[in-house]
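*Asks:* What follows is final_18.cif, made up of mmCIF, C-alpha atoms:
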data_target
#
loop_
_atom_site.group_PDB
_atom_site.id
_atom_site.type_symbol
_atom_site.label_atom_id
_atom_site.label_comp_id
_atom_site.auth_asym_id
_atom_site.auth_seq_id
_atom_site.Cartn_x
_atom_site.Cartn_y
_atom_site.Cartn_z
ATOM 1 C CA MET A 179 0.000 0.000 0.000
ATOM 2 C CA GLY A 180 1.513 3.284 -1.055
ATOM 3 C CA GLN A 181 1.717 5.813 1.715
ATOM 4 C CA HIS A 182 0.540 8.634 -0.558
ATOM 5 C CA SER A 183 -2.926 7.077 -0.846
ATOM 6 C CA ILE A 184 -3.280 5.643 2.651
ATOM 7 C CA SER A 185 -6.203 7.864 3.595
ATOM 8 C CA SER A 186 -8.328 7.076 0.539
ATOM 9 C CA LYS A 187 -7.629 3.360 0.911
ATOM 10 C CA ALA A 188 -8.374 3.520 4.619
ATOM 11 C CA VAL A 189 -11.699 5.254 3.976
ATOM 12 C CA LYS A 190 -12.597 2.584 1.413
ATOM 13 C CA ILE A 191 -11.814 -0.191 3.898
ATOM 14 C CA PHE A 192 -13.684 1.586 6.702
ATOM 15 C CA LYS A 193 -16.771 1.874 4.494
ATOM 16 C CA GLN A 194 -16.490 -1.812 3.641
ATOM 17 C CA SER A 195 -16.367 -2.726 7.336
ATOM 18 C CA ILE A 196 -19.288 -0.443 8.272
ATOM 19 C CA ASP A 197 -21.471 -1.726 5.441
ATOM 20 C CA LYS A 198 -20.683 -5.328 6.358
ATOM 21 C CA TYR A 199 -21.589 -4.739 10.011
ATOM 22 C CA HIS A 200 -24.929 -3.170 9.131
ATOM 23 C CA LEU A 201 -26.054 -6.152 7.066
ATOM 24 C CA LEU A 202 -26.937 -7.788 10.397
ATOM 25 C CA ASP A 203 -26.536 -4.745 12.660
ATOM 26 C CA GLU A 204 -25.881 -6.876 15.739
ATOM 27 C CA VAL A 205 -23.032 -6.312 18.196
ATOM 28 C CA ASP A 206 -22.488 -10.024 18.787
ATOM 29 C CA GLN A 207 -22.308 -11.078 15.135
ATOM 30 C CA PRO A 208 -19.276 -13.128 14.016
ATOM 31 C CA PHE A 209 -16.283 -11.244 12.679
ATOM 32 C CA GLU A 210 -14.397 -12.256 9.555
ATOM 33 C CA ASN A 211 -11.498 -10.235 8.202
ATOM 34 C CA PRO A 212 -11.307 -10.458 4.380
ATOM 35 C CA TYR A 213 -7.661 -9.339 4.222
ATOM 36 C CA PRO A 214 -4.432 -11.327 4.769
ATOM 37 C CA SER A 215 -3.350 -11.314 8.412
ATOM 38 C CA ASP A 216 0.081 -9.840 7.611
ATOM 39 C CA SER A 217 -1.284 -6.816 5.714
ATOM 40 C CA ILE A 218 -2.025 -3.228 6.718
ATOM 41 C CA GLU A 219 -5.465 -3.695 5.155
ATOM 42 C CA HIS A 220 -6.141 -6.412 7.734
ATOM 43 C CA LEU A 221 -5.315 -4.005 10.557
ATOM 44 C CA LEU A 222 -7.418 -1.184 9.096
ATOM 45 C CA TYR A 223 -10.440 -3.443 8.664
ATOM 46 C CA ARG A 224 -10.080 -4.812 12.181
ATOM 47 C CA LYS A 225 -9.638 -1.310 13.604
ATOM 48 C CA ASN A 226 -12.875 -0.055 12.088
ATOM 49 C CA TRP A 227 -14.817 -3.180 13.037
ATOM 50 C CA ILE A 228 -13.831 -2.628 16.663
ATOM 51 C CA ASP A 229 -14.956 0.993 16.402
ATOM 52 C CA THR A 230 -18.232 0.040 14.738
ATOM 53 C CA VAL A 231 -19.169 -2.535 17.364
ATOM 54 C CA GLN A 232 -18.226 -0.119 20.128
ATOM 55 C CA TRP A 233 -20.312 2.650 18.527
ATOM 56 C CA HIS A 234 -23.338 0.414 18.960
ATOM 57 C CA TYR A 235 -22.311 -0.653 22.453
ATOM 58 C CA GLU A 236 -22.351 3.032 23.340
ATOM 59 C CA ASP A 237 -25.858 3.381 21.902
ATOM 60 C CA LEU A 238 -27.112 0.403 23.896
ATOM 61 C CA ILE A 239 -25.656 1.476 27.236
ATOM 62 C CA ARG A 240 -27.473 4.812 27.001
ATOM 63 C CA ASP A 241 -30.862 3.098 27.168
ATOM 64 C CA PRO A 242 -32.428 4.675 30.311
ATOM 65 C CA ASP A 243 -34.309 1.430 30.988
ATOM 66 C CA ILE A 244 -31.324 -0.892 30.705
ATOM 67 C CA ASP A 245 -31.108 -3.583 33.380
ATOM 68 C CA PRO A 246 -28.251 -2.709 35.765
ATOM 69 C CA VAL A 247 -26.677 -6.157 35.407
ATOM 70 C CA ASP A 248 -26.844 -5.922 31.625
ATOM 71 C CA GLY A 249 -25.432 -2.413 31.848
ATOM 72 C CA MET A 250 -22.439 -3.572 33.886
ATOM 73 C CA ASP A 251 -21.807 -6.421 31.445
ATOM 74 C CA LEU A 252 -21.937 -3.942 28.580
ATOM 75 C CA LYS A 253 -19.570 -1.588 30.404
ATOM 76 C CA ARG A 254 -17.021 -4.399 30.697
ATOM 77 C CA LYS A 255 -17.391 -5.117 26.990
ATOM 78 C CA ILE A 256 -16.742 -1.443 26.247
ATOM 79 C CA ASP A 257 -13.634 -1.526 28.454
ATOM 80 C CA ALA A 258 -12.340 -4.615 26.631
ATOM 81 C CA SER A 259 -13.131 -2.979 23.293
ATOM 82 C CA ASN A 260 -11.176 0.131 24.255
ATOM 83 C CA GLN A 261 -8.144 -1.999 25.086
ATOM 84 C CA ASP A 262 -8.500 -3.860 21.778
ATOM 85 C CA ARG A 263 -8.751 -0.539 19.964
ATOM 86 C CA THR A 264 -5.586 0.771 21.618
ATOM 87 C CA ASP A 265 -3.680 -2.428 20.847
ATOM 88 C CA THR A 266 -4.713 -2.269 17.195
ATOM 89 C CA VAL A 267 -3.650 1.364 16.908
ATOM 90 C CA GLU A 268 -0.217 0.348 18.186
ATOM 91 C CA TYR A 269 -0.013 -2.454 15.616
ATOM 92 C CA ILE A 270 -0.784 0.075 12.879
ATOM 93 C CA ASP A 271 1.926 2.400 14.182
ATOM 94 C CA SER A 272 4.352 -0.528 14.170
ATOM 95 C CA TYR A 273 3.619 -0.940 10.467
ATOM 96 C CA PHE A 274 4.560 2.686 9.823
ATOM 97 C CA LEU A 275 7.645 2.474 12.026
ATOM 98 C CA ASP A 276 8.852 -0.415 9.897
ATOM 99 C CA LEU A 277 7.863 1.353 6.669
ATOM 100 C CA PHE A 278 10.033 4.375 7.429
ATOM 101 C CA LYS A 279 12.854 2.711 9.355
ATOM 102 C CA GLU A 280 15.393 3.254 6.556
ATOM 103 C CA VAL A 281 14.596 6.948 6.033
ATOM 104 C CA THR A 282 17.412 9.363 6.911
ATOM 105 C CA HIS A 283 16.130 12.297 8.927
ATOM 106 C CA LEU A 284 16.957 15.738 7.599
ATOM 107 C CA ASP A 285 18.589 18.325 9.824
ATOM 108 C CA GLY A 286 15.827 20.054 11.716
ATOM 109 C CA ALA A 287 13.383 17.173 11.288
ATOM 110 C CA THR A 288 10.591 17.389 13.834
ATOM 111 C CA VAL A 289 8.333 14.948 15.623
ATOM 112 C CA ASN A 290 4.577 15.158 15.136
ATOM 113 C CA SER A 291 2.329 15.492 18.185
ATOM 114 C CA GLU A 292 0.137 12.651 16.944
ATOM 115 C CA SER A 293 1.230 9.350 15.455
ATOM 116 C CA PRO A 294 -0.167 8.246 12.067
ATOM 117 C CA ALA A 295 -2.237 5.473 13.607
ATOM 118 C CA TRP A 296 -3.983 7.784 16.071
ATOM 119 C CA ALA A 297 -4.852 10.108 13.191
ATOM 120 C CA ILE A 298 -6.203 7.088 11.306
ATOM 121 C CA ASP A 299 -8.158 6.200 14.459
ATOM 122 C CA ARG A 300 -9.892 9.567 14.185
ATOM 123 C CA LEU A 301 -10.565 8.941 10.501
ATOM 124 C CA SER A 302 -12.219 5.618 11.357
ATOM 125 C CA ILE A 303 -14.497 7.259 13.936
ATOM 126 C CA LEU A 304 -15.248 10.061 11.486
ATOM 127 C CA GLU A 305 -16.397 7.534 8.887
ATOM 128 C CA LEU A 306 -18.844 6.139 11.441
ATOM 129 C CA LYS A 307 -20.157 9.634 12.131
ATOM 130 C CA ILE A 308 -20.650 10.199 8.407
ATOM 131 C CA TYR A 309 -22.524 6.907 7.989
ATOM 132 C CA HIS A 310 -24.914 7.536 10.852
ATOM 133 C CA MET A 311 -25.412 11.235 10.146
ATOM 134 C CA GLU A 312 -26.321 10.351 6.558
ATOM 135 C CA GLU A 313 -28.855 7.874 7.942
ATOM 136 C CA GLU A 314 -30.425 10.629 10.006
ATOM 137 C CA ALA A 315 -30.397 13.108 7.119
ATOM 138 C CA ASN A 316 -32.379 10.604 5.057
ATOM 139 C CA ARG A 317 -34.669 9.203 7.759
ATOM 140 C CA SER A 318 -38.099 9.433 6.164
ATOM 141 C CA GLU A 319 -40.122 9.423 9.400
ATOM 142 C CA ALA A 320 -38.089 12.292 10.889
ATOM 143 C CA SER A 321 -39.190 15.892 10.559
ATOM 144 C CA GLU A 322 -37.951 18.038 7.715
ATOM 145 C CA ALA A 323 -36.198 20.267 10.254
ATOM 146 C CA HIS A 324 -34.366 17.250 11.675
ATOM 147 C CA ARG A 325 -33.293 16.039 8.249
ATOM 148 C CA ASP A 326 -32.140 19.509 7.244
ATOM 149 C CA SER A 327 -30.150 19.945 10.459
ATOM 150 C CA CYS A 328 -28.479 16.551 10.038
ATOM 151 C CA ASN A 329 -27.684 17.249 6.389
ATOM 152 C CA LYS A 330 -25.883 20.449 7.370
ATOM 153 C CA LYS A 331 -23.876 18.511 9.956
ATOM 154 C CA LEU A 332 -23.145 15.858 7.343
ATOM 155 C CA GLN A 333 -21.609 18.461 5.021
ATOM 156 C CA VAL A 334 -19.286 19.553 7.833
ATOM 157 C CA LEU A 335 -18.257 15.950 8.474
ATOM 158 C CA LEU A 336 -17.554 15.396 4.774
ATOM 159 C CA SER A 337 -15.380 18.507 4.757
ATOM 160 C CA GLN A 338 -13.608 17.243 7.862
ATOM 161 C CA ARG A 339 -12.904 13.945 6.071
ATOM 162 C CA VAL A 340 -11.121 15.840 3.282
ATOM 163 C CA ASP A 341 -9.061 17.889 5.748
ATOM 164 C CA LEU A 342 -8.109 14.947 7.957
ATOM 165 C CA SER A 343 -7.268 12.754 4.954
ATOM 166 C CA THR A 344 -5.048 15.487 3.537
ATOM 167 C CA ALA A 345 -3.292 15.910 6.879
ATOM 168 C CA ILE A 346 -2.642 12.159 7.202
ATOM 169 C CA ASP A 347 -1.237 11.867 3.685
ATOM 170 C CA GLN A 348 0.923 14.951 4.183
ATOM 171 C CA LEU A 349 2.286 13.571 7.443
ATOM 172 C CA LEU A 350 3.267 10.315 5.751
ATOM 173 C CA GLU A 351 4.904 12.241 2.904
ATOM 174 C CA ASP A 352 6.902 14.205 5.480
ATOM 175 C CA PHE A 353 8.023 10.933 7.104
ATOM 176 C CA ALA A 354 9.078 9.534 3.724
ATOM 177 C CA ALA A 355 11.027 12.707 2.952
ATOM 178 C CA GLY A 356 12.762 12.747 6.342
ATOM 179 C CA GLU A 357 11.188 16.073 7.276
ATOM 180 C CA LYS A 358 9.448 14.479 10.252
ATOM 181 C CA TYR A 359 10.267 11.357 12.214
ATOM 182 C CA MET A 360 8.124 8.917 14.135
ATOM 183 C CA LYS A 361 8.350 8.697 17.888
ATOM 184 C CA VAL A 362 5.697 6.412 19.324
ATOM 185 C CA TYR A 363 4.802 6.215 22.991
ATOM 186 C CA LYS A 364 3.093 2.963 23.899
ATOM 187 C CA GLN A 365 -0.122 3.576 25.755
ATOM 188 C CA MET A 366 0.364 3.297 29.496
ATOM 189 C CA LYS A 367 -3.204 2.664 30.555
ATOM 190 C CA MET A 368 -3.368 1.997 34.254
ATOM 191 C CA TYR A 369 -6.940 0.977 35.020
ATOM 192 C CA ASN A 370 -6.687 -2.473 33.412
ATOM 193 C CA ASP A 371 -3.375 -3.289 35.078
ATOM 194 C CA GLU A 372 -3.457 -5.217 38.348
ATOM 195 C CA GLU A 373 -0.181 -3.540 39.313
ATOM 196 C CA THR A 374 -1.356 0.072 38.868
ATOM 197 C CA ASN A 375 -5.105 0.123 39.587
ATOM 198 C CA PRO A 376 -5.575 0.287 43.394
ATOM 199 C CA VAL A 377 -8.991 -1.367 43.176
ATOM 200 C CA LEU A 378 -7.358 -4.392 41.538
ATOM 201 C CA TYR A 379 -4.126 -4.625 43.518
ATOM 202 C CA LYS A 380 -5.514 -3.956 46.996
ATOM 203 C CA ASP A 381 -6.883 -7.514 47.155
ATOM 204 C CA LYS A 382 -3.448 -8.960 46.342
ATOM 205 C CA SER A 383 -1.646 -7.403 49.290
#
Do you think you could lay out the structure here as structure tokens?
*Replies:*
Amino acid sequence: MGQHSISSKAVKIFKQSIDKYHLLDEVDQPFENPYPSDSIEHLLYRKNWIDTVQWHYEDLIRDPDIDPVDGMDLKRKIDASNQDRTDTVEYIDSYFLDLFKEVTHLDGATVNSESPAWAIDRLSILELKIYHMEEEANRSEASEAHRDSCNKKLQVLLSQRVDLSTAIDQLLEDFAAGEKYMKVYKQMKMYNDEETNPVLYKDKS
């Protein structure tokens, strides 16, 4: 996959994942990745599938009449999904680290505040926003005012997709040219770690 077209290819894969999910539109449906396990496409598809399932988890947990036990179970699924999302982002960054490992940095090369994979993470979430906002803009039983309001928001999201895609591609071009260099900090989440979350480690002492 050429780095100059990563955003357009990512958007295409994200759409593929979102459309596939909504054929059944069930959070517990089986997952099948159509791409080879050693490819960046595989990671992008998996990343968006995680985001898509979690989007619908977040819808479900906001049901004011949800059973508290079901709500707690759903909260744990959301926590596990967040960890899976973070892990997958790091795998994507590892791909880019390897891709640019032979590039010689120019004098004055700078580090970006956000890694490529976290920018792609935002692009994946944005694609979900676009899908669902388009649904609302076309929802026949909704009021005309609602549809008009959602269509205006949709146009902003589509503009944001162009801007974010451009920024991602430019960042990768800067990496390839040695004008920027990657410096990735592994996520140091503490609440899932039995050694750093007091609620978890207090029972071990």
*Asks:* Check the smallest atom-to-atom distance from each of A:Val340, A:Glu292, A:Asn316, A:Thr230 to Asp203 in chain A using all atoms listed in the file, then report the winner.
*Replies:*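 With all atoms listed in the file as the atom set, the closest residue is A:Thr230.
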*Asks:* Just give me the gap between CA of Ser291 in chain A and CA of Ser215 in chain A in Å, one decimal is fine.
*Replies:*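 If I compute the distance from CA of Ser291 in chain A to CA of Ser215 in chain A, I get 29.1 Å.
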*Asks:* Counting only C-alpha atoms, figure out which residue out of A:Ser272, A:Thr288, A:Ser195, A:Thr282 gets nearest to Gly356 in chain A.
*Replies:*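 Of A:Ser272, A:Thr288, A:Ser195, A:Thr282, the one nearest Gly356 in chain A, counting only C-alpha atoms, is A:Thr282.
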*Asks:* What does the structure give for the distance between CA of Glu236 in chain A and CA of Leu335 in chain A, in Å to one decimal?
*Replies:* 20.1 Å
*Asks:* Using only C-alpha atoms, what residues lie at most 12 Å away from (-7.1, 12.8, 13.3) (file coordinates), given as a list in words?
*Replies:*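 Residues found, by chain and rising number: Ser185, Ser291, Glu292, Ser293, Pro294, Ala295, Trp296, Ala297, Ile298, Asp299, Arg300, Leu301, Ser302, Ile303, Leu304, Glu305, Gln338, Arg339, Val340, Asp341, Leu342, Ser343, Thr344, Ala345, Ile346, Asp347 and Leu349 of chain A.
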*Asks:* Can you pull out the residues contacting range 216-220 of chain A? Cut-off 12 Å, using only C-alpha atoms, and skip same-chain residues under 4 positions away; I want them as a PyMOL selection string.
*Replies:* chain A and resi 179-181+184-185+187-192+194-195+210-212+224-227+266-267+269-274+276-277+295
*Asks:* Axis-aligned box over every listed atom of range 341-350 of chain A, padded by 3 Å per side: centre and edges in Å to one decimal, as lines of an AutoDock Vina configuration file?
*Replies:*
center_x = -2.9
center_y = 14.1
center_z = 5.7
size_x = 18.3
size_y = 13.6
size_z = 10.4
*Asks:* Counting all atoms listed in the file, what is within 10 Å of Val281 in chain A, bar same-chain residues fewer than 5 positions away, as a ChimeraX atom specification?
*Replies:* /A:353-357,359
*Asks:* List as a list in words the protein and nucleic acid residues near His310 in chain A, meaning an atom at most 12 Å away when all atoms listed in the file are counted, but skip any in the same chain fewer than 6 places from it.
*Replies:* Lys193, Ile196, Asp197, His200, Thr230, Trp233, His234, Asp237, Ile303, Leu304, Asn316, Arg317, Cys328, Asn329, Lys331, Leu332 and Leu335 of chain A
*Asks:* Residues at most 8 Å from range 256-260 of chain A, counting only C-alpha atoms, excluding those fewer than 6 positions away in the same chain, as a PyMOL selection string?
*Replies:* chain A and resi 228+232+235-236
*Asks:* Report as an NGL selection string the full result of the PyMOL selection byres ((chain A and resi 238) around 12) when it is applied to this structure.
*Replies:* :A and (204-205 or 231-237 or 239-245 or 248-253 or 255-256)
*Asks:* Between CA of Val362 in chain A and CA of Ser183 in chain A, what is the distance in Å, rounded to a tenth?
*Replies:*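 Taking CA of Val362 in chain A as the start and CA of Ser183 in chain A as the end point, the length is 21.9 Å.
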